[in-house]
Amino acid sequence: MRIPFRHIAGHLVWSTSGTVWALWRVAPVGGRYVAPQVRDEILSRVTSLVRSLAGAPRLFGFAARVDPGEVAEQMVEGVDWQHLPPWAETTAAALDLLAGQEMHRRTLWLAVPLVSPGRRFDLAANGSAMWSELSGALGLAPVPVGSDEVAECTERAQRVQSALGGGLLLRPARPAEIVWMVQHAVHRGLEEPLLADAEESALYGSRLADGELRSPSYADLGQVRITEGGRPAAAESENRKDGKASRSKPGGAAWWRRDGASPVARRWLQVECEAGTGYQAHLALAEFPAVQALESADLLAQLESLDFPVDFTVDMQVVPSERAREQVRRKKKELLDQAEQYGAQPTGMPHSLPEAAGDLAEQDARLSRSSVEVEVQSVTVLTVWGPDSAVCDARARALVALLSGGDYRAVRPHGMQEALFALGLPGSMRPAGVKEFTQHQLSEDWAAGGAFTNTGVGDPSGMMVGVDLDCGTIRPVLINLADAPQRNASASMGIVGDLGGGKSVLEKLLVAAVADRGGRAIVIDRTPIREWATFARSAAVGRCEVIDAAQAQLSIDPLRVFGGPVGAHYALSYLTLQLGVGPMSASGAVLHHAVEEAAAGRDPSMASVLRALKVLAKKSSAGSSRRDAATTMSELLAIVSSNPLAGMVFDPELPPVTLDGDLSADMVVMTTTGLTLPPREAFADMEVLRQQPLEALIGRAVLYLIAAIARQAAFSDPSRFCAVAMDEAYWLTSSAEGSALVHEILHDGRKHGAGCILAAHDAGELGKDAGLLAYKVLARTSDQARARKGLAFLGLDNEDEDLVRLVTTGLSPVGQKGREGEMLLRDPRMQVGRIKVHVPPVPRIENAIYTTPTAAKTTGVSSVLLEEATRAGI
């Protein structure tokens, strides 16, 4: 195989045909789940990019192989995993799960040929190309490329990049990445080099020396044997005995059909290199549907949903508006001539002619509407591969069948497989034979094909929470809450969904990941079975602290825990909430005086506040109204303090919780079993709220105080990330005091290296600041009204009936085994995707993470992780 380029200088490629190409790595945009307004904006940006192009650019969409070790490196990135055995264990478990799986990531590359305005170097370039062909055959040195030409081409590439505008994020390709493109094309179906290595490599680049471009040898890239319609390896081995080809036996099959298939049926490319022999099939799109809805026109994006990777190459000819109109007028004239010829025949005119005339009229009108409109004449090649010819052929047939269902006609031309293969190499010429597959589209129609659509979701590193269900092959989804503040983003997450939708499992996975990666996690556990306490003792053995409010073994008295003005602030807020008085009322003023006096004493505590109120009630110098208020407050507070549920606030004998001791453990769980809350309806009417049982009023105030302590502990050490998990968040957001705490964490958490994880059954329960959540998750929501609110929470179109149906019935359908944990995730990069949450097969995690009664007693649930993912709609 001949390599189609001679030099690579930066992102410039000098081809053997005389053309100089500039290559850029393109970042995809948008996604499958976007609002119509966002889709229109992305379509406009891609259309603008296409109109900025000129000549014959080429777009490559390569499915780069992902190695399990690459995922493991992403999981340990930024942490000292060698000193974190729990995280090393989790990473090793993920590595074992992904071993042997076919994984890939979509990469986009834009190649633009550089044309000099005065064509100064074109003649010299063509001469150099001809000499390179001749010198290669004679073993002579090729004509060198001078520094002037390099400078001129660099300037031209900069002008091209400036003309492309800022619609899409472009990055000049690296020499090693350009070489990787060739390696990828050669190694399809084999163990190919990793793109991750090429992204960090400084090899393969040419350098200027003595005014000339000096390049390393690319000869090893061409040490490949390509055989069109190559025979299967099994057939070749059968026909060889002792190194000699066996002869046909009388009456046996002919030698060219010895493997059971004629050469015409073997429509694949056999590529043999040092790594082995791979099989590729190249399909050209020969026909597009005449009319198609915008929502379903993104063919190239939909390729990701197949259960095998697909590469695509789009070779374009961008025709200006005036020239395209001339071509349309010529086609109209030809159509009229055909109509006259058919008019003289008895059969009359075929129905296709009026339709073609209508299409040309519409195209002419759109071209006349704008002088910047262009026509894209493209040849689109799709490539599949496999380790053997049978797999490759089956994938090609499956792709043809799927495309035919959408009125696309794809052909696998025999005798042109090598030409289509060459089209996918950087710097190669356009083979003459592929012209018959040219499709004519206007810029906006071509942009709707989804070539630049983003299909991924999640963070570049962090915890592997599951797999991407929008990708046909296995694609791990990573989330790294601790890294969000470093990226100037919020580290908070909101999870919305029905009971049994998987909210608590996702919460526990994230909390365990934060603790295992060297951070801290504080959880407020309101469940009667103390599920979070059980999980902490299993997942973080020797690294957790459980504070049980009902048993009252530690004190959360704010005056003892914090002291000073901070303690006084939380003490006053707690008392006004507990007693149901306003801070600016007469009773509030009395409480403020008592708290200030207790805080300034030698032994500040909530018990001291009660004593101060009793003294104030008997103080003769105080006014009667003040004495009455003090008497009322002291009597009510005496009732509260005598209740065992308030013991952890008022008992001065209990040791206080310490911020740098108890609350500095890797995982801290504050259980509130026994503390009840008023019903949500009671918060709407203060009189109804005052009539609630004492246990409910105490529970509301104590939970607020626990949340306040969690907030203060989370902000105590900005250098160590802390996640605060609060399930059923309505108990906080339904009150003004609780909403203020959530508001404070959401607004100031990033500055202090902290974030919160809120879970609720309804998006409205997350509070008025839910828009500040960077990570948003929507699980199964069977009620349509709530489902629409959840879609709006994600920023999606809540009037889209397909999305509503997906949320209500398509995510984790009840009773379908293996479909648990399906959710919609939106990350800080505004990427939305459908994921399936999976629990790593680590006994300390999976033994206590489930809340389903049967699952809680079952171990080894994750042993069929990837098999379930494959069956779950992939």
# chains A, B, ... in the order shown; residues from 1 in each chain; ligands from 1

call {"tool": "residues_around", "arguments": {"residues": "Pro289 (chain A)", "least_positions_apart": "6", "cutoff": "10 Å", "atoms": "only C-alpha atoms", "output": "list in words"}}
result
Ala297, Ser404, Gly406, Asp407, Tyr408 and Arg409 of chain A

call {"tool": "residues_around", "arguments": {"residues": "Arg174 (chain A)", "least_positions_apart": "6", "cutoff": "12 Å", "atoms": "only C-alpha atoms", "output": "PyMOL selection string"}}
result
chain A and resi 8-13+22-25+109+180-181+195+197-206

call {"tool": "atom_distance", "arguments": {"atom1": "CA of Ala265 (chain A)", "atom2": "CA of Met416 (chain A)"}}
result
13.4 Å

call {"tool": "closest_residue", "arguments": {"among": "A:Leu403, A:Arg188, A:Val609, A:Val832", "to": "Glu597 (chain A)", "atoms": "only C-alpha atoms"}}
result
A:Val609

call {"tool": "select_by_dssp", "arguments": {"residues": "region 609-673 of chain A", "states": "strand (DSSP E)", "output": "ChimeraX atom specification"}}
result
/A:667-671

call {"tool": "write_last_selection", "arguments": {"atoms": "C-alpha atoms", "output": "short mmCIF file (atom, residue, chain, number, x, y, z; two decimals), in the first residue's frame"}}
result
data_model
loop_
_atom_site.label_atom_id
_atom_site.label_comp_id
_atom_site.auth_asym_id
_atom_site.auth_seq_id
_atom_site.Cartn_x
_atom_site.Cartn_y
_atom_site.Cartn_z
CA MET A 667 -18.24 9.02 55.10
CA VAL A 668 -20.46 10.52 57.79
CA VAL A 669 -24.07 9.37 58.10
CA MET A 670 -26.54 11.20 60.32
CA THR A 671 -29.56 8.97 60.83
#

call {"tool": "residues_around", "arguments": {"residues": "region 77-89 of chain A", "least_positions_apart": "4", "cutoff": "8 Å", "atoms": "only C-alpha atoms", "output": "ChimeraX atom specification"}}
result
/A:73,93,461-462,513,516-518,842

call {"tool": "residues_around", "arguments": {"residues": "region 27-34 of chain A", "least_positions_apart": "2", "cutoff": "7 Å", "atoms": "only C-alpha atoms", "output": "VMD selection string"}}
result
chain A and resid 25 36 38 to 39 42 108 168 to 170 452 to 455 796 831 to 833

call {"tool": "write_last_selection", "arguments": {"atoms": "all heavy atoms", "output": "short mmCIF file (atom, residue, chain, number, x, y, z; two decimals), in the first residue's frame"}}
result
data_model
loop_
_atom_site.label_atom_id
_atom_site.label_comp_id
_atom_site.auth_asym_id
_atom_site.auth_seq_id
_atom_site.Cartn_x
_atom_site.Cartn_y
_atom_site.Cartn_z
N ARG A 25 -9.12 18.70 14.12
CA ARG A 25 -9.97 17.86 14.96
C ARG A 25 -11.19 18.69 15.34
O ARG A 25 -11.07 19.80 15.85
CB ARG A 25 -9.18 17.42 16.20
CG ARG A 25 -9.99 16.60 17.22
CD ARG A 25 -9.97 15.14 16.88
NE ARG A 25 -10.62 14.34 17.92
CZ ARG A 25 -9.98 13.75 18.93
NH1 ARG A 25 -8.66 13.90 19.05
NH2 ARG A 25 -10.62 13.02 19.81
N PRO A 36 -36.00 21.87 20.58
CA PRO A 36 -36.05 22.33 19.19
C PRO A 36 -35.26 23.60 18.95
O PRO A 36 -34.63 23.76 17.90
CB PRO A 36 -37.55 22.54 18.95
CG PRO A 36 -38.23 21.65 19.93
CD PRO A 36 -37.34 21.62 21.13
N VAL A 38 -32.55 24.57 20.50
CA VAL A 38 -31.13 24.21 20.47
C VAL A 38 -30.79 23.50 19.17
O VAL A 38 -29.73 23.73 18.56
CB VAL A 38 -30.77 23.34 21.68
CG1 VAL A 38 -29.31 22.94 21.65
CG2 VAL A 38 -31.08 24.08 22.98
N ARG A 39 -31.69 22.64 18.72
CA ARG A 39 -31.45 21.92 17.46
C ARG A 39 -31.35 22.90 16.30
O ARG A 39 -30.48 22.76 15.43
CB ARG A 39 -32.56 20.91 17.22
CG ARG A 39 -32.35 20.05 15.97
CD ARG A 39 -33.52 19.14 15.68
NE ARG A 39 -33.71 18.17 16.74
CZ ARG A 39 -34.77 18.15 17.55
NH1 ARG A 39 -35.72 19.05 17.40
NH2 ARG A 39 -34.89 17.24 18.49
N ILE A 42 -27.95 24.69 16.48
CA ILE A 42 -26.85 23.84 16.04
C ILE A 42 -26.88 23.67 14.53
O ILE A 42 -25.84 23.71 13.86
CB ILE A 42 -26.93 22.48 16.76
CG1 ILE A 42 -26.68 22.65 18.26
CG2 ILE A 42 -25.93 21.50 16.17
CD1 ILE A 42 -26.93 21.40 19.06
N LEU A 108 -14.07 13.21 15.01
CA LEU A 108 -14.36 13.91 13.76
C LEU A 108 -13.13 14.68 13.31
O LEU A 108 -12.47 15.35 14.13
CB LEU A 108 -15.53 14.87 13.94
CG LEU A 108 -16.86 14.22 14.37
CD1 LEU A 108 -17.89 15.29 14.65
CD2 LEU A 108 -17.38 13.26 13.31
N LEU A 168 -18.12 26.01 15.31
CA LEU A 168 -17.71 24.74 15.91
C LEU A 168 -16.30 24.89 16.44
O LEU A 168 -15.50 25.70 15.94
CB LEU A 168 -17.76 23.61 14.88
CG LEU A 168 -19.14 23.26 14.31
CD1 LEU A 168 -19.01 22.17 13.27
CD2 LEU A 168 -20.10 22.85 15.41
N LEU A 169 -15.99 24.10 17.44
CA LEU A 169 -14.66 24.14 18.04
C LEU A 169 -13.71 23.29 17.22
O LEU A 169 -13.88 22.09 17.10
CB LEU A 169 -14.72 23.65 19.49
CG LEU A 169 -13.41 23.69 20.28
CD1 LEU A 169 -12.89 25.12 20.37
CD2 LEU A 169 -13.59 23.10 21.67
N LEU A 170 -12.69 23.95 16.64
CA LEU A 170 -11.69 23.26 15.81
C LEU A 170 -10.34 23.32 16.50
O LEU A 170 -9.98 24.34 17.09
CB LEU A 170 -11.59 23.91 14.43
CG LEU A 170 -12.87 24.00 13.59
CD1 LEU A 170 -12.61 24.77 12.32
CD2 LEU A 170 -13.38 22.61 13.25
N PHE A 452 -21.91 16.21 12.69
CA PHE A 452 -21.19 16.80 13.81
C PHE A 452 -21.94 16.64 15.14
O PHE A 452 -21.62 17.31 16.12
CB PHE A 452 -20.96 18.30 13.55
CG PHE A 452 -20.10 18.59 12.36
CD1 PHE A 452 -20.66 18.92 11.14
CD2 PHE A 452 -18.72 18.50 12.45
CE1 PHE A 452 -19.87 19.18 10.04
CE2 PHE A 452 -17.92 18.76 11.35
CZ PHE A 452 -18.49 19.09 10.14
N THR A 453 -22.93 15.78 15.18
CA THR A 453 -23.74 15.62 16.38
C THR A 453 -22.97 14.88 17.46
O THR A 453 -22.34 13.85 17.21
CB THR A 453 -25.04 14.87 16.06
OG1 THR A 453 -25.76 15.60 15.07
CG2 THR A 453 -25.90 14.71 17.31
N ASN A 454 -23.06 15.40 18.67
CA ASN A 454 -22.41 14.76 19.81
C ASN A 454 -23.29 13.63 20.32
O ASN A 454 -24.50 13.79 20.49
CB ASN A 454 -22.18 15.79 20.92
CG ASN A 454 -21.45 15.18 22.11
OD1 ASN A 454 -20.76 14.19 21.98
ND2 ASN A 454 -21.61 15.78 23.26
N THR A 455 -22.71 12.48 20.57
CA THR A 455 -23.47 11.32 21.03
C THR A 455 -23.00 10.83 22.40
O THR A 455 -23.44 9.78 22.85
CB THR A 455 -23.36 10.16 20.03
OG1 THR A 455 -21.97 9.84 19.83
CG2 THR A 455 -23.97 10.55 18.69
N LEU A 796 -35.18 19.95 28.29
CA LEU A 796 -35.67 19.34 27.06
C LEU A 796 -37.08 19.81 26.77
O LEU A 796 -37.73 20.46 27.59
CB LEU A 796 -35.61 17.81 27.17
CG LEU A 796 -34.25 17.20 27.49
CD1 LEU A 796 -34.35 15.67 27.52
CD2 LEU A 796 -33.21 17.64 26.48
N GLN A 831 -24.65 18.13 27.85
CA GLN A 831 -24.85 16.91 27.08
C GLN A 831 -25.90 16.06 27.78
O GLN A 831 -25.84 15.86 29.00
CB GLN A 831 -23.55 16.12 26.95
CG GLN A 831 -22.42 16.90 26.29
CD GLN A 831 -21.08 16.20 26.42
OE1 GLN A 831 -20.23 16.31 25.55
NE2 GLN A 831 -20.86 15.51 27.52
N VAL A 832 -26.85 15.55 27.03
CA VAL A 832 -27.92 14.73 27.58
C VAL A 832 -27.87 13.37 26.92
O VAL A 832 -27.74 13.26 25.68
CB VAL A 832 -29.30 15.37 27.36
CG1 VAL A 832 -30.40 14.51 27.97
CG2 VAL A 832 -29.34 16.77 27.97
N GLY A 833 -27.96 12.33 27.73
CA GLY A 833 -27.92 10.98 27.19
C GLY A 833 -28.69 10.01 28.07
O GLY A 833 -28.96 10.28 29.24
#

call {"tool": "closest_residue", "arguments": {"among": "A:Phe721, A:Trp21, A:Trp385, A:Tyr279", "to": "Pro4 (chain A)", "atoms": "only C-alpha atoms"}}
result
A:Trp21

call {"tool": "closest_residue", "arguments": {"among": "A:Gly790, A:Gly189, A:Gly753, A:Gly146", "to": "Pro485 (chain A)", "atoms": "only C-alpha atoms"}}
result
A:Gly753
